[in-house]
Amino acid sequence: MNLFETHAESATPSPICSAKGCRDAAVWVLAWNNPKLHTPERRKTWLACDAHREHLSSFLGVRGFLKDVVTLAEWESPAADR
Ligand SMILES: [Zn+2]
């Protein structure tokens, strides 16, 4: 069994945590905006595993960039009113 091939063939490759050096599957989506670079309605996203959600959200939070933290499933849900 070739794990790499299985992964490559997957229609939805599992997103990976954005934390430096982390290869864990992302569970959380951190939506953020840098008012100096982005228009107010613009949303950049970072992905985080359970272990890094707090680390990454506090990094954005202290800078006043963090807008939203939702689960990946919630973020991708078409039911969201966007
Ligand atoms: Zn992580």
# chains A, B, ... in the order shown; residues from 1 in each chain; ligands from 1

call {"tool": "residues_near_ligand", "arguments": {"ligand": "ligand 1", "cutoff": "6 Å", "atoms": "only C-alpha atoms and all ligand atoms", "output": "PyMOL selection string"}}
result
chain A and resi 17+19+22+24+48-49+51-52

call {"tool": "residues_around", "arguments": {"residues": "A:Val70", "least_positions_apart": "3", "cutoff": "9 Å", "atoms": "only C-alpha atoms", "output": "PyMOL selection string"}}
result
chain A and resi 27-31+73-75

call {"tool": "closest_residue", "arguments": {"among": "A:Ser77, A:Ala25, A:Ser14, A:Asn33", "to": "A:Asp50", "atoms": "only C-alpha atoms"}}
result
A:Ala25

call {"tool": "residues_around", "arguments": {"residues": "A:Lys44", "least_positions_apart": "5", "cutoff": "12 Å", "atoms": "only C-alpha atoms", "output": "list in words"}}
result
Val29, Leu30, Ala31, Trp32, Asn33, Asn34, Pro35, Leu37, His38, Thr39, Leu60, Phe65, Leu66, Lys67, Asp68 and Val69 of chain A

call {"tool": "write_last_selection", "arguments": {"atoms": "C-alpha atoms", "output": "CSV table (one decimal), in the first residue's frame"}}
result
chain,number,residue,atom,x,y,z
A,29,VAL,CA,-9.6,28.4,10.8
A,30,LEU,CA,-8.4,31.8,12.1
A,31,ALA,CA,-9.8,34.6,10.0
A,32,TRP,CA,-7.8,37.8,10.3
A,33,ASN,CA,-7.3,41.2,8.7
A,34,ASN,CA,-4.4,43.6,8.8
A,35,PRO,CA,-6.0,47.1,8.5
A,37,LEU,CA,-2.6,46.0,4.3
A,38,HIS,CA,-6.2,44.9,3.7
A,39,THR,CA,-9.6,46.5,3.2
A,60,LEU,CA,-3.0,37.7,15.8
A,65,PHE,CA,-5.8,41.4,13.6
A,66,LEU,CA,-7.9,38.4,14.7
A,67,LYS,CA,-11.5,38.5,13.5
A,68,ASP,CA,-12.9,35.0,13.9
A,69,VAL,CA,-12.0,31.5,15.0

call {"tool": "select_by_dssp", "arguments": {"residues": "chain A", "states": "alpha helix (DSSP H)", "output": "list in words"}}
result
Leu3, Phe4, Glu5, Thr6, His7, Ala8, Glu9, Arg53, Glu54, His55, Leu56, Ser57, Ser58, Phe59, Leu60, Gly61, Val62, Leu72, Ala73, Glu74, Trp75 and Glu76 of chain A

call {"tool": "select_by_dssp", "arguments": {"residues": "stretch 21-62 of chain A", "states": "strand (DSSP E or B)", "output": "VMD selection string"}}
result
chain A and resid 25 28 to 32 44 to 48

call {"tool": "closest_residue", "arguments": {"among": "A:Arg23, A:Ser18, A:Glu76, A:Arg43", "to": "A:His55", "atoms": "only C-alpha atoms"}}
result
A:Ser18

call {"tool": "atom_distance", "arguments": {"atom1": "atom CA of A:Glu54", "atom2": "atom CA of A:Pro78"}}
result
25.9 Å

call {"tool": "atom_distance", "arguments": {"atom1": "atom CA of A:Gly61", "atom2": "atom CA of A:Leu47"}}
result
14.9 Å

call {"tool": "decode", "arguments": {"residues": "stretch 1-63 of chain A", "atoms": "C-alpha atoms", "output": "short mmCIF file (atom, residue, chain, number, x, y, z; two decimals), in the first residue's frame"}}
result
data_model
loop_
_atom_site.label_atom_id
_atom_site.label_comp_id
_atom_site.auth_asym_id
_atom_site.auth_seq_id
_atom_site.Cartn_x
_atom_site.Cartn_y
_atom_site.Cartn_z
CA MET A 1 0.00 0.00 0.00
CA ASN A 2 1.38 3.37 -1.03
CA LEU A 3 0.32 6.05 1.44
CA PHE A 4 1.61 8.93 -0.67
CA GLU A 5 -0.32 7.84 -3.68
CA THR A 6 -3.46 7.44 -1.61
CA HIS A 7 -3.01 10.94 -0.28
CA ALA A 8 -2.31 12.44 -3.72
CA GLU A 9 -5.42 10.88 -5.18
CA SER A 10 -7.63 12.27 -2.49
CA ALA A 11 -10.08 14.79 -3.88
CA THR A 12 -9.82 16.91 -0.76
CA PRO A 13 -6.27 16.83 0.60
CA SER A 14 -6.44 17.45 4.31
CA PRO A 15 -5.32 20.99 5.16
CA ILE A 16 -2.24 21.33 7.31
CA CYS A 17 -1.71 23.58 10.33
CA SER A 18 -0.12 26.95 9.47
CA ALA A 19 2.17 26.97 12.51
CA LYS A 20 5.86 26.88 11.65
CA GLY A 21 7.15 23.33 11.43
CA CYS A 22 3.80 21.76 12.24
CA ARG A 23 2.48 19.08 9.90
CA ASP A 24 -0.68 18.23 11.83
CA ALA A 25 -4.08 18.28 10.24
CA ALA A 26 -5.82 21.61 10.64
CA VAL A 27 -8.98 21.69 12.71
CA TRP A 28 -9.43 25.45 13.10
CA VAL A 29 -9.61 28.39 10.76
CA LEU A 30 -8.41 31.75 12.07
CA ALA A 31 -9.82 34.60 10.02
CA TRP A 32 -7.81 37.79 10.30
CA ASN A 33 -7.27 41.18 8.73
CA ASN A 34 -4.37 43.61 8.83
CA PRO A 35 -5.95 47.06 8.49
CA LYS A 36 -2.68 48.46 7.19
CA LEU A 37 -2.63 46.04 4.27
CA HIS A 38 -6.17 44.92 3.72
CA THR A 39 -9.55 46.48 3.15
CA PRO A 40 -11.82 45.98 6.19
CA GLU A 41 -13.94 43.24 4.62
CA ARG A 42 -10.92 41.25 3.46
CA ARG A 43 -10.18 38.04 5.36
CA LYS A 44 -6.89 36.24 5.44
CA THR A 45 -6.96 32.77 6.93
CA TRP A 46 -4.57 30.68 8.91
CA LEU A 47 -5.17 27.04 9.64
CA ALA A 48 -4.45 25.57 13.02
CA CYS A 49 -4.38 22.17 14.66
CA ASP A 50 -5.77 21.84 18.18
CA ALA A 51 -2.34 22.37 19.71
CA HIS A 52 -1.62 25.62 17.87
CA ARG A 53 -5.00 27.31 17.87
CA GLU A 54 -4.24 29.27 21.02
CA HIS A 55 -0.69 30.13 19.96
CA LEU A 56 -1.71 31.44 16.56
CA SER A 57 -4.83 33.23 17.72
CA SER A 58 -2.94 35.06 20.47
CA PHE A 59 -0.28 36.04 17.92
CA LEU A 60 -2.98 37.67 15.81
CA GLY A 61 -4.97 38.81 18.80
CA VAL A 62 -2.24 40.95 20.38
CA ARG A 63 -1.86 42.77 17.04
#
